[in-house]
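Report on the following structure.
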Amino acid sequence: MIDIIDTDIALEPLVQDVRKNSNGAVVTFLGVVRGFSRGRNVLFLEYEAYREMAVRKMQQVADEVREKWTIDDIAMVHRVGHLEVGERSVAIAVGAPHRKAAFEACEYAIDRLKEIVPIWKKEVWEGGEAWIDDRP
Amino acid sequence: MKVKTKFFAAIKDIIGTPEVELELPDGITAGDLFQRYCQQHTPLSRYANNTMISVNLEFVPPETRLHEGDEIAFIPPVSGGY
């Protein structure tokens, strides 16, 4: 399951997607909108995606995970549009026979997603807003 | 040749539209096209060093030649995740 959606992300469908009898470990990652960023109180975020390319690049991340850890079971969903503080912006689930590879692959997947997937975030705070386009 | 160009996030705000179809001379490269936009929209120069270019949904180097029907996008630094 790899998708860009406009509504709240439910984690359980991703978990179900990567569960199978050969997988003893399922690691999940949930990214949530922070209410405080760069010294400011964030009111809300706007996420925008180049959808067709974003899905393709998320697929590439899954392919890289398959190559590095021989893990086929990875699910990734990113939400776009208007998100309030505390809402879920991204979710990843990785299923593997054992936990070490699952943890490593899940961390790798969120790192790569933040590097190569064409999705952008605009922070809106009291009195201003800005696209976050500097790589931390 | 006719191509489609897409703009996102900060670059979309500078250009003022999400998508443009335009007629280009044969032989033009993806980097040439970005330079054209920089000349028309000077604030875009701020992104000259960190913007990636995609053609038909794949990142390409700026010297890539464009072809009829290509979909080009200028990709400012991404900030997905959380």
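Each chain in the structure tokens gets a letter, A, B and so on, in the order shown; residues start at 1 in every chain, and ligands are counted from 1 in the order they appear.
Near Glu63 of chain B, within 9 Å and counting only C-alpha atoms, sit Ile28, Thr29, Ala30, Gly31 and Asp32 of chain B; same-chain residues fewer than 6 positions away were not included.
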Write down, as a list in words, each residue of chain B that has any atom within 7 Å of an atom of chain A, counting only C-alpha atoms.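 Matching residues, ligands excluded from the count: Ala9, Ala10, Leu57, Ile75, Pro76, Pro77, Val78, Ser79, Gly80, Gly81 and Tyr82 of chain B.
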Just to be explicit: take each residue in the selection above, keep N, CA and C atoms, and write the result as an mmCIF file, in the first residue's frame.
data_model
loop_
_atom_site.group_PDB
_atom_site.id
_atom_site.type_symbol
_atom_site.label_atom_id
_atom_site.label_comp_id
_atom_site.auth_asym_id
_atom_site.auth_seq_id
_atom_site.Cartn_x
_atom_site.Cartn_y
_atom_site.Cartn_z
ATOM 1 N N ALA B 9 4.587 24.564 -4.663
ATOM 2 C CA ALA B 9 5.009 25.195 -3.403
ATOM 3 C C ALA B 9 5.527 26.623 -3.650
ATOM 4 N N ALA B 10 6.727 26.930 -3.142
ATOM 5 C CA ALA B 10 7.241 28.306 -3.226
ATOM 6 C C ALA B 10 7.381 28.753 -4.678
ATOM 7 N N LEU B 57 8.120 12.690 -14.679
ATOM 8 C CA LEU B 57 8.075 12.117 -13.329
ATOM 9 C C LEU B 57 9.402 11.535 -12.829
ATOM 10 N N ILE B 75 11.304 21.353 -8.992
ATOM 11 C CA ILE B 75 11.076 20.789 -7.669
ATOM 12 C C ILE B 75 11.946 21.524 -6.663
ATOM 13 N N PRO B 76 11.373 22.477 -5.905
ATOM 14 C CA PRO B 76 12.175 23.111 -4.855
ATOM 15 C C PRO B 76 12.459 22.066 -3.763
ATOM 16 N N PRO B 77 13.401 22.339 -2.843
ATOM 17 C CA PRO B 77 13.713 21.355 -1.809
ATOM 18 C C PRO B 77 12.436 20.822 -1.155
ATOM 19 N N VAL B 78 12.357 19.517 -1.056
ATOM 20 C CA VAL B 78 11.114 18.909 -0.548
ATOM 21 C C VAL B 78 11.081 18.975 0.981
ATOM 22 N N SER B 79 9.898 18.963 1.544
ATOM 23 C CA SER B 79 9.759 19.043 3.001
ATOM 24 C C SER B 79 8.574 18.207 3.484
ATOM 25 N N GLY B 80 8.398 17.051 2.851
ATOM 26 C CA GLY B 80 7.352 16.143 3.319
ATOM 27 C C GLY B 80 7.785 15.490 4.614
ATOM 28 N N GLY B 81 6.919 14.635 5.139
ATOM 29 C CA GLY B 81 7.214 13.977 6.404
ATOM 30 C C GLY B 81 6.330 14.576 7.483
ATOM 31 N N TYR B 82 6.969 15.195 8.503
ATOM 32 C CA TYR B 82 6.179 15.714 9.609
ATOM 33 C C TYR B 82 6.863 16.923 10.183
#
Taking only chain B into account, list the residues labelled strand (DSSP E) by DSSP (computed from the backbone), as a list in words.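 Matching residues for strand (DSSP E) in chain B are Lys2, Val3, Lys4, Thr5, Lys6, Phe7, Glu19, Val20, Glu21, Leu22, Glu23, Met52, Ile53, Ser54, Val55, Glu58, Phe59, Val60, Glu71, Ile72, Ala73, Phe74 and Ile75 of chain B.
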Requested write-out: C-alpha atoms of the selected residues, as a PDB file, in the first residue's frame:
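Written output follows (part_28.pdb):
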ATOM      1  CA  LYS B   2       4.743  21.749 -27.099  1.00  0.00           C
ATOM      2  CA  VAL B   3       5.478  20.859 -23.465  1.00  0.00           C
ATOM      3  CA  LYS B   4       3.728  21.151 -20.130  1.00  0.00           C
ATOM      4  CA  THR B   5       5.437  22.712 -17.103  1.00  0.00           C
ATOM      5  CA  LYS B   6       4.251  22.281 -13.522  1.00  0.00           C
ATOM      6  CA  PHE B   7       5.105  24.432 -10.512  1.00  0.00           C
ATOM      7  CA  GLU B  19       0.696  24.663 -14.700  1.00  0.00           C
ATOM      8  CA  VAL B  20       1.579  26.123 -18.093  1.00  0.00           C
ATOM      9  CA  GLU B  21       1.540  24.671 -21.608  1.00  0.00           C
ATOM     10  CA  LEU B  22       4.046  26.314 -23.870  1.00  0.00           C
ATOM     11  CA  GLU B  23       5.695  26.157 -27.262  1.00  0.00           C
ATOM     12  CA  MET B  52      15.731  19.836  -9.038  1.00  0.00           C
ATOM     13  CA  ILE B  53      14.088  19.318 -12.410  1.00  0.00           C
ATOM     14  CA  SER B  54      11.878  16.397 -13.346  1.00  0.00           C
ATOM     15  CA  VAL B  55      10.836  15.302 -16.808  1.00  0.00           C
ATOM     16  CA  GLU B  58      11.823  11.365 -13.030  1.00  0.00           C
ATOM     17  CA  PHE B  59      14.599  13.649 -11.789  1.00  0.00           C
ATOM     18  CA  VAL B  60      16.913  14.623 -14.651  1.00  0.00           C
ATOM     19  CA  GLU B  71       5.885  17.148 -18.613  1.00  0.00           C
ATOM     20  CA  ILE B  72       8.510  19.206 -16.788  1.00  0.00           C
ATOM     21  CA  ALA B  73       8.401  20.203 -13.137  1.00  0.00           C
ATOM     22  CA  PHE B  74      10.672  22.406 -11.058  1.00  0.00           C
ATOM     23  CA  ILE B  75      11.076  20.789  -7.669  1.00  0.00           C
TER      24      ILE B  75
END
